[in-house]
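Asks: Would you mind keeping the following structure in view while I ask a few things?
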Protein chains: 2
Amino acid sequence: MAAAAPTRAHVPSAFAPSSRAVTFCRGTSRPNHSAAAASASAPGWRRRDPAVSVAAGSAQSAPGALAVDPKVDTLLDSVKWDSKGLAVAIAQNVDTGAILMQGFANKEALAKTISTRKATFFSRSRSSLWTKGETSMNFINVHDIFLDCDRDSIIYLGKPDGPTCHTGAETCYYTSVYDALQGLKHNEDRQVTSTLYSLEDTISRRHEETVTEGSGKPSWTKKLLLDNQLLCSKIREEAGELIQTLLENEDQSRSASEMADLLYHAMVLLRVKDVKMEEVLEVLRKRFSQSGIEEKASRNKS
Amino acid sequence: MAAAAPTRAHVPSAFAPSSRAVTFCRGTSRPNHSAAAASASAPGWRRRDPAVSVAAGSAQSAPGALAVDPKVDTLLDSVKWDSKGLAVAIAQNVDTGAILMQGFANKEALAKTISTRKATFFSRSRSSLWTKGETSMNFINVHDIFLDCDRDSIIYLGKPDGPTCHTGAETCYYTSVYDALQGLKHNEDRQVTSTLYSLEDTISRRHEETVTEGSGKPSWTKKLLLDNQLLCSKIREEAGELIQTLLENEDQSRSASEMADLLYHAMVLLRVKDVKMEEVLEVLRKRFSQSGIEEKASRNKS
């Protein structure tokens, strides 16, 4: 099989600290916010991606349907495709960790995702490749791809350009089994969320209540949302208490507790400013992405 | 089908603020740290879980194999099981959002998970039900279960008692396709992680370098890790700058940037104290879990 030459241009990283921003030691995530930014902000390591040229095809493609770098070919062959030539493919938001959707990939779909960095699946109903976003333009821009220990399950870790679900919801998972069993109505705002984003949702609901007179009960969050001076003094106080756990060698549970307090109060401030935690995490990802390259270079080659 | 009576006892919530902890408006996540704590800390709403009595069986069970609450039965029937009676089931860490593993569930597996709150799958190789942890004791304690828009994919959102992978890794996803294509060795520490935990990993690597003389390059993170006074003054400074974005009505990007700075520096402190972000999120989840019940009660019944 022919190895096509890599075509991506080397451009500077997206890391550009602002005047007050600190320079972090950066990690292993890969920056690439949007489809449009994909080529413009690609760090140098991407140039080393093996190039893949693929054609859409059936789930079980005929030999020779792929024209790929031999390394990619070897990798594709190492996946334990099922009897239909498929493996489960899960798309996950690189910043929030939210599971966006789940589909299936065949060899071509994985090869195309590796090459294009747009999450691509094999549609079982249409028997064809399907790149999420090809109709809606809400692509999932893939930063990394992981295989599980059995090599029969794939994660596309990426940044979505917009809502992933065809309903307009951010993720396809908004039906809670326990809610349904209690007879509660569907609520597309009540999506599967890990703790940080559940807290963010709660703060948002309290914020909505502050603008709807007589809605909901009094709460500490609402008090903070309505009183900037109180909120700011609490953030200062909680930062001080977190620091105290280090300087006075308090136990670990105190540090966890004070960090929880600081995080919560800071997130209330973000709500007042209408800033999402996802935006904060995107800033962090872009800042610490470059030294990930150094870290990778330092690891032994196999 | 007979509706068995709920059997769970009502016990007080796990929310117990410490002397310095603030009382939050709490959200919708469900507390339940460990298997042992499952019954002891179950909040009141769990009493309303429909009870399910199930027997292990083949993927395509004969009618009558389940003895469940009719509501559960209706829900199980609403899932679009494939031709083998299976649906994809993904286990996700409720606190970190990490995808732990992926398997398949049949009707019995989902029913057993709903009832026992231990993530349970149908093992295709053994043709039997399999509760994750039944051998290793590393159960995944399920806090919620979500179905996707097509009702053919399931998320078990839960708290693992220990490493999920049979290799001892926290998750089964530690093989990066792009790393593999660059000839980099497997690294079970380099698991699929969203931004916050990639940053935490980076800080941990810098911390390891501080105890290994001559390892790695100088970095800001290492400087902070080695100088508590500098670290504490930076946390104070960053908290002040975040506050300033509110008080001086700076733009949203400044709030996101200053929050990123504050979060990063606070996470360096956590590393010095050997505290994981997951512990912080667990504290938050336990604090804001109770008002989730109120929120649910306020939603319209269907």
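Labels used: A, B, ... for chains in the order of the structure tokens, numbers from 1 for residues in each chain, and numbers from 1 for ligands as shown.
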Please build the interface table for chain B against chain A with a cut-off of 6 Å, listing for each qualifying residue the nearest atom pair and the distance in Å to one decimal; count only C-alpha atoms, order rows by chain and increasing number, and write it as JSON lines.

Replies:
```
{"residue": "B:Cys25", "atom": "CA", "partner": "A:Thr221", "partner_atom": "CA", "distance": 5.8}
{"residue": "B:Gly27", "atom": "CA", "partner": "A:Thr202", "partner_atom": "CA", "distance": 4.8}
{"residue": "B:Val94", "atom": "CA", "partner": "A:Ser194", "partner_atom": "CA", "distance": 4.8}
{"residue": "B:Asp95", "atom": "CA", "partner": "A:Thr195", "partner_atom": "CA", "distance": 4.9}
{"residue": "B:Gly97", "atom": "CA", "partner": "A:Gly97", "partner_atom": "CA", "distance": 5.0}
{"residue": "B:Ile145", "atom": "CA", "partner": "A:Val177", "partner_atom": "CA", "distance": 5.4}
{"residue": "B:Phe146", "atom": "CA", "partner": "A:Ser176", "partner_atom": "CA", "distance": 4.5}
{"residue": "B:Leu147", "atom": "CA", "partner": "A:Thr175", "partner_atom": "CA", "distance": 5.2}
{"residue": "B:Asp148", "atom": "CA", "partner": "A:Tyr173", "partner_atom": "CA", "distance": 4.2}
{"residue": "B:Cys149", "atom": "CA", "partner": "A:Cys172", "partner_atom": "CA", "distance": 5.3}
{"residue": "B:Cys172", "atom": "CA", "partner": "A:Asp148", "partner_atom": "CA", "distance": 4.9}
{"residue": "B:Tyr173", "atom": "CA", "partner": "A:Asp148", "partner_atom": "CA", "distance": 4.2}
{"residue": "B:Thr175", "atom": "CA", "partner": "A:Leu147", "partner_atom": "CA", "distance": 5.2}
{"residue": "B:Ser176", "atom": "CA", "partner": "A:Phe146", "partner_atom": "CA", "distance": 4.5}
{"residue": "B:Val177", "atom": "CA", "partner": "A:Ile145", "partner_atom": "CA", "distance": 5.4}
{"residue": "B:Gly183", "atom": "CA", "partner": "A:Ser302", "partner_atom": "CA", "distance": 5.7}
{"residue": "B:Leu184", "atom": "CA", "partner": "A:Lys301", "partner_atom": "CA", "distance": 4.9}
{"residue": "B:Lys185", "atom": "CA", "partner": "A:Ser302", "partner_atom": "CA", "distance": 5.1}
{"residue": "B:Ser194", "atom": "CA", "partner": "A:Val94", "partner_atom": "CA", "distance": 4.8}
{"residue": "B:Thr195", "atom": "CA", "partner": "A:Asp95", "partner_atom": "CA", "distance": 4.9}
{"residue": "B:Leu199", "atom": "CA", "partner": "A:Gly27", "partner_atom": "CA", "distance": 5.9}
{"residue": "B:Thr202", "atom": "CA", "partner": "A:Gly27", "partner_atom": "CA", "distance": 4.9}
{"residue": "B:Thr221", "atom": "CA", "partner": "A:Cys25", "partner_atom": "CA", "distance": 5.8}
{"residue": "B:Cys232", "atom": "CA", "partner": "A:Ile243", "partner_atom": "CA", "distance": 5.7}
{"residue": "B:Ile243", "atom": "CA", "partner": "A:Cys232", "partner_atom": "CA", "distance": 5.7}
{"residue": "B:Ala256", "atom": "CA", "partner": "A:Val280", "partner_atom": "CA", "distance": 4.7}
{"residue": "B:Ala260", "atom": "CA", "partner": "A:Val280", "partner_atom": "CA", "distance": 5.4}
{"residue": "B:Val280", "atom": "CA", "partner": "A:Ala256", "partner_atom": "CA", "distance": 4.7}
{"residue": "B:Leu284", "atom": "CA", "partner": "A:Ala260", "partner_atom": "CA", "distance": 5.8}
{"residue": "B:Arg285", "atom": "CA", "partner": "A:Thr195", "partner_atom": "CA", "distance": 5.9}
{"residue": "B:Lys301", "atom": "CA", "partner": "A:Leu184", "partner_atom": "CA", "distance": 4.9}
{"residue": "B:Ser302", "atom": "CA", "partner": "A:Lys185", "partner_atom": "CA", "distance": 5.1}
```

Asks: Quick one: residues within 12 Å of B:Gly133, only C-alpha atoms counted, chain neighbours fewer than 4 positions away excluded, as a ChimeraX atom specification?

Replies: /B:35,118-121,137-141,160-166

Asks: Hey, can you check how far atom CA of A:Lys159 sits from atom CA of A:Val142?

Replies: 6.5 Å

Asks: Taking the chain letters and numbering used in this document, name the residues of stretch 138-259 of chain B that DSSP puts in strand (DSSP E or B), as a JSON list (two decimals) with all heavy atoms, in the first residue's frame.

Replies:
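Dumped to states_23.json:
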```json
[["chain", "number", "residue", "atom", "x", "y", "z"],
["B", 140, "ILE", "N", -18.72, -0.74, 39.96],
["B", 140, "ILE", "CA", -19.02, 0.64, 39.53],
["B", 140, "ILE", "C", -20.41, 0.95, 40.08],
["B", 140, "ILE", "O", -21.41, 0.35, 39.66],
["B", 140, "ILE", "CB", -18.98, 0.78, 38.00],
["B", 140, "ILE", "CG1", -17.57, 0.47, 37.49],
["B", 140, "ILE", "CG2", -19.42, 2.19, 37.58],
["B", 140, "ILE", "CD1", -17.46, 0.37, 35.96],
["B", 141, "ASN", "N", -20.45, 1.83, 41.08],
["B", 141, "ASN", "CA", -21.68, 2.15, 41.80],
["B", 141, "ASN", "C", -22.47, 3.20, 41.03],
["B", 141, "ASN", "O", -22.06, 4.36, 40.95],
["B", 141, "ASN", "CB", -21.32, 2.64, 43.20],
["B", 141, "ASN", "CG", -20.48, 1.62, 43.94],
["B", 141, "ASN", "OD1", -20.97, 0.58, 44.33],
["B", 141, "ASN", "ND2", -19.18, 1.89, 44.05],
["B", 142, "VAL", "N", -23.58, 2.78, 40.48],
["B", 142, "VAL", "CA", -24.30, 3.58, 39.50],
["B", 142, "VAL", "C", -25.17, 4.64, 40.18],
["B", 142, "VAL", "O", -26.00, 4.33, 41.04],
["B", 142, "VAL", "CB", -25.15, 2.66, 38.60],
["B", 142, "VAL", "CG1", -26.08, 3.47, 37.71],
["B", 142, "VAL", "CG2", -24.23, 1.77, 37.75],
["B", 143, "HIS", "N", -24.96, 5.90, 39.78],
["B", 143, "HIS", "CA", -25.74, 7.01, 40.32],
["B", 143, "HIS", "C", -26.90, 7.37, 39.41],
["B", 143, "HIS", "O", -27.92, 7.85, 39.86],
["B", 143, "HIS", "CB", -24.84, 8.24, 40.52],
["B", 143, "HIS", "CG", -23.84, 8.04, 41.60],
["B", 143, "HIS", "ND1", -23.40, 9.05, 42.40],
["B", 143, "HIS", "CD2", -23.19, 6.94, 42.03],
["B", 143, "HIS", "CE1", -22.53, 8.58, 43.28],
["B", 143, "HIS", "NE2", -22.38, 7.30, 43.06],
["B", 144, "ASP", "N", -26.70, 7.18, 38.14],
["B", 144, "ASP", "CA", -27.77, 7.44, 37.19],
["B", 144, "ASP", "C", -27.50, 6.64, 35.93],
["B", 144, "ASP", "O", -26.38, 6.16, 35.71],
["B", 144, "ASP", "CB", -27.88, 8.94, 36.87],
["B", 144, "ASP", "CG", -29.32, 9.35, 36.52],
["B", 144, "ASP", "OD1", -30.13, 8.46, 36.18],
["B", 144, "ASP", "OD2", -29.62, 10.54, 36.60],
["B", 145, "ILE", "N", -28.53, 6.46, 35.14],
["B", 145, "ILE", "CA", -28.42, 5.73, 33.88],
["B", 145, "ILE", "C", -29.08, 6.60, 32.82],
["B", 145, "ILE", "O", -30.17, 7.14, 33.06],
["B", 145, "ILE", "CB", -29.16, 4.37, 33.96],
["B", 145, "ILE", "CG1", -28.59, 3.51, 35.10],
["B", 145, "ILE", "CG2", -29.08, 3.62, 32.63],
["B", 145, "ILE", "CD1", -29.41, 2.27, 35.40],
["B", 146, "PHE", "N", -28.41, 6.78, 31.71],
["B", 146, "PHE", "CA", -28.98, 7.59, 30.63],
["B", 146, "PHE", "C", -29.11, 6.76, 29.35],
["B", 146, "PHE", "O", -28.25, 5.92, 29.05],
["B", 146, "PHE", "CB", -28.09, 8.81, 30.34],
["B", 146, "PHE", "CG", -28.28, 9.92, 31.34],
["B", 146, "PHE", "CD1", -27.66, 9.88, 32.58],
["B", 146, "PHE", "CD2", -29.12, 10.99, 31.06],
["B", 146, "PHE", "CE1", -27.86, 10.89, 33.52],
["B", 146, "PHE", "CE2", -29.33, 12.00, 31.99],
["B", 146, "PHE", "CZ", -28.69, 11.95, 33.21],
["B", 147, "LEU", "N", -30.19, 7.00, 28.63],
["B", 147, "LEU", "CA", -30.38, 6.44, 27.30],
["B", 147, "LEU", "C", -30.16, 7.54, 26.28],
["B", 147, "LEU", "O", -30.45, 8.72, 26.56],
["B", 147, "LEU", "CB", -31.80, 5.90, 27.14],
["B", 147, "LEU", "CG", -32.27, 4.84, 28.15],
["B", 147, "LEU", "CD1", -33.73, 4.48, 27.87],
["B", 147, "LEU", "CD2", -31.39, 3.60, 28.05],
["B", 148, "ASP", "N", -29.70, 7.18, 25.10],
["B", 148, "ASP", "CA", -29.52, 8.22, 24.08],
["B", 148, "ASP", "C", -30.83, 8.46, 23.32],
["B", 148, "ASP", "O", -31.85, 7.80, 23.58],
["B", 148, "ASP", "CB", -28.35, 7.90, 23.15],
["B", 148, "ASP", "CG", -28.66, 6.85, 22.12],
["B", 148, "ASP", "OD1", -29.69, 6.14, 22.27],
["B", 148, "ASP", "OD2", -27.89, 6.71, 21.16],
["B", 153, "SER", "N", -28.42, 3.07, 23.13],
["B", 153, "SER", "CA", -27.11, 3.22, 23.77],
["B", 153, "SER", "C", -27.32, 3.71, 25.19],
["B", 153, "SER", "O", -28.18, 4.57, 25.44],
["B", 153, "SER", "CB", -26.28, 4.24, 22.96],
["B", 153, "SER", "OG", -24.98, 4.34, 23.49],
["B", 154, "ILE", "N", -26.58, 3.15, 26.10],
["B", 154, "ILE", "CA", -26.82, 3.36, 27.54],
["B", 154, "ILE", "C", -25.54, 3.88, 28.21],
["B", 154, "ILE", "O", -24.44, 3.39, 27.91],
["B", 154, "ILE", "CB", -27.20, 2.01, 28.21],
["B", 154, "ILE", "CG1", -28.42, 1.39, 27.52],
["B", 154, "ILE", "CG2", -27.43, 2.17, 29.71],
["B", 154, "ILE", "CD1", -28.63, -0.09, 27.85],
["B", 155, "ILE", "N", -25.68, 4.84, 29.09],
["B", 155, "ILE", "CA", -24.55, 5.25, 29.94],
["B", 155, "ILE", "C", -24.86, 4.88, 31.38],
["B", 155, "ILE", "O", -25.91, 5.25, 31.92],
["B", 155, "ILE", "CB", -24.26, 6.77, 29.84],
["B", 155, "ILE", "CG1", -23.79, 7.14, 28.44],
["B", 155, "ILE", "CG2", -23.19, 7.18, 30.87],
["B", 155, "ILE", "CD1", -23.56, 8.63, 28.24],
["B", 156, "TYR", "N", -23.94, 4.14, 32.00],
["B", 156, "TYR", "CA", -23.99, 3.91, 33.44],
["B", 156, "TYR", "C", -23.08, 4.97, 34.06],
["B", 156, "TYR", "O", -21.85, 4.88, 33.95],
["B", 156, "TYR", "CB", -23.44, 2.53, 33.79],
["B", 156, "TYR", "CG", -24.25, 1.33, 33.33],
["B", 156, "TYR", "CD1", -23.63, 0.10, 33.12],
["B", 156, "TYR", "CD2", -25.63, 1.39, 33.15],
["B", 156, "TYR", "CE1", -24.35, -1.03, 32.72],
["B", 156, "TYR", "CE2", -26.36, 0.27, 32.75],
["B", 156, "TYR", "CZ", -25.72, -0.94, 32.54],
["B", 156, "TYR", "OH", -26.43, -2.05, 32.16],
["B", 157, "LEU", "N", -23.66, 5.97, 34.68],
["B", 157, "LEU", "CA", -22.88, 7.04, 35.30],
["B", 157, "LEU", "C", -22.65, 6.67, 36.75],
["B", 157, "LEU", "O", -23.59, 6.62, 37.54],
["B", 157, "LEU", "CB", -23.66, 8.36, 35.18],
["B", 157, "LEU", "CG", -22.95, 9.64, 35.58],
["B", 157, "LEU", "CD1", -21.83, 9.97, 34.60],
["B", 157, "LEU", "CD2", -23.94, 10.81, 35.63],
["B", 158, "GLY", "N", -21.40, 6.40, 37.10],
["B", 158, "GLY", "CA", -21.20, 5.88, 38.45],
["B", 158, "GLY", "C", -19.81, 6.14, 39.01],
["B", 158, "GLY", "O", -18.95, 6.74, 38.38],
["B", 159, "LYS", "N", -19.64, 5.67, 40.22],
["B", 159, "LYS", "CA", -18.38, 5.85, 40.95],
["B", 159, "LYS", "C", -17.71, 4.48, 41.08],
["B", 159, "LYS", "O", -18.26, 3.58, 41.70],
["B", 159, "LYS", "CB", -18.71, 6.41, 42.34],
["B", 159, "LYS", "CG", -17.51, 6.86, 43.13],
["B", 159, "LYS", "CD", -16.97, 8.18, 42.64],
["B", 159, "LYS", "CE", -15.77, 8.63, 43.45],
["B", 159, "LYS", "NZ", -15.17, 9.84, 42.89],
["B", 160, "PRO", "N", -16.51, 4.36, 40.51],
["B", 160, "PRO", "CA", -15.84, 3.06, 40.62],
["B", 160, "PRO", "C", -15.19, 2.89, 41.99],
["B", 160, "PRO", "O", -14.66, 3.84, 42.56],
["B", 160, "PRO", "CB", -14.77, 3.14, 39.52],
["B", 160, "PRO", "CG", -14.49, 4.61, 39.35],
["B", 160, "PRO", "CD", -15.76, 5.34, 39.71],
["B", 173, "TYR", "N", -9.13, 2.57, 28.46],
["B", 173, "TYR", "CA", -8.70, 3.32, 27.27],
["B", 173, "TYR", "C", -7.35, 3.99, 27.52],
["B", 173, "TYR", "O", -7.30, 5.11, 28.03],
["B", 173, "TYR", "CB", -9.75, 4.36, 26.88],
["B", 173, "TYR", "CG", -11.08, 3.73, 26.50],
["B", 173, "TYR", "CD1", -12.04, 3.46, 27.46],
["B", 173, "TYR", "CD2", -11.36, 3.40, 25.17],
["B", 173, "TYR", "CE1", -13.26, 2.87, 27.12],
["B", 173, "TYR", "CE2", -12.57, 2.82, 24.82],
["B", 173, "TYR", "CZ", -13.51, 2.56, 25.80],
["B", 173, "TYR", "OH", -14.70, 1.98, 25.45],
["B", 174, "TYR", "N", -6.28, 3.28, 27.22],
["B", 174, "TYR", "CA", -4.94, 3.85, 27.42],
["B", 174, "TYR", "C", -4.06, 3.67, 26.19],
["B", 174, "TYR", "O", -2.84, 3.81, 26.28],
["B", 174, "TYR", "CB", -4.28, 3.23, 28.67],
["B", 174, "TYR", "CG", -4.29, 1.72, 28.71],
["B", 174, "TYR", "CD1", -3.39, 0.98, 27.94],
["B", 174, "TYR", "CD2", -5.21, 1.04, 29.49],
["B", 174, "TYR", "CE1", -3.43, -0.40, 27.95],
["B", 174, "TYR", "CE2", -5.26, -0.34, 29.50],
["B", 174, "TYR", "CZ", -4.36, -1.05, 28.73],
["B", 174, "TYR", "OH", -4.39, -2.41, 28.73],
["B", 175, "THR", "N", -4.68, 3.35, 25.07],
["B", 175, "THR", "CA", -3.90, 3.21, 23.84],
["B", 175, "THR", "C", -4.28, 4.35, 22.89],
["B", 175, "THR", "O", -5.36, 4.34, 22.30],
["B", 175, "THR", "CB", -4.19, 1.85, 23.16],
["B", 175, "THR", "OG1", -3.88, 0.81, 24.09],
["B", 175, "THR", "CG2", -3.33, 1.68, 21.91],
["B", 176, "SER", "N", -3.39, 5.34, 22.79],
["B", 176, "SER", "CA", -3.64, 6.46, 21.89],
["B", 176, "SER", "C", -3.23, 6.05, 20.49],
["B", 176, "SER", "O", -2.11, 5.61, 20.25],
["B", 176, "SER", "CB", -2.83, 7.68, 22.33],
["B", 176, "SER", "OG", -2.66, 8.57, 21.23],
["B", 184, "LEU", "N", 5.29, 5.43, 19.65],
["B", 184, "LEU", "CA", 5.49, 5.60, 21.09],
["B", 184, "LEU", "C", 4.95, 4.38, 21.82],
["B", 184, "LEU", "O", 3.95, 3.79, 21.43],
["B", 184, "LEU", "CB", 4.77, 6.86, 21.59],
["B", 184, "LEU", "CG", 5.34, 8.18, 21.08],
["B", 184, "LEU", "CD1", 4.41, 9.33, 21.44],
["B", 184, "LEU", "CD2", 6.72, 8.43, 21.70]]
```

Asks: How far is it from atom CA of A:Val79 to atom CA of A:Ala91, in Å with one decimal?

Replies: 17.4 Å

Asks: Rounded to one decimal in Å, what is the spacing between atom CA of A:Arg124 and atom CA of B:Ser128?

Replies: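 Atom-to-atom, atom CA of A:Arg124 and atom CA of B:Ser128 are spaced 26.2 Å apart.
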
Asks: As an MDAnalysis selection string, please: every residue in stretch 239-300 of chain A that a backbone DSSP assignment puts in alpha helix (DSSP H).

Replies: chainID A and resid 239:247 252:272 277:288 290:298
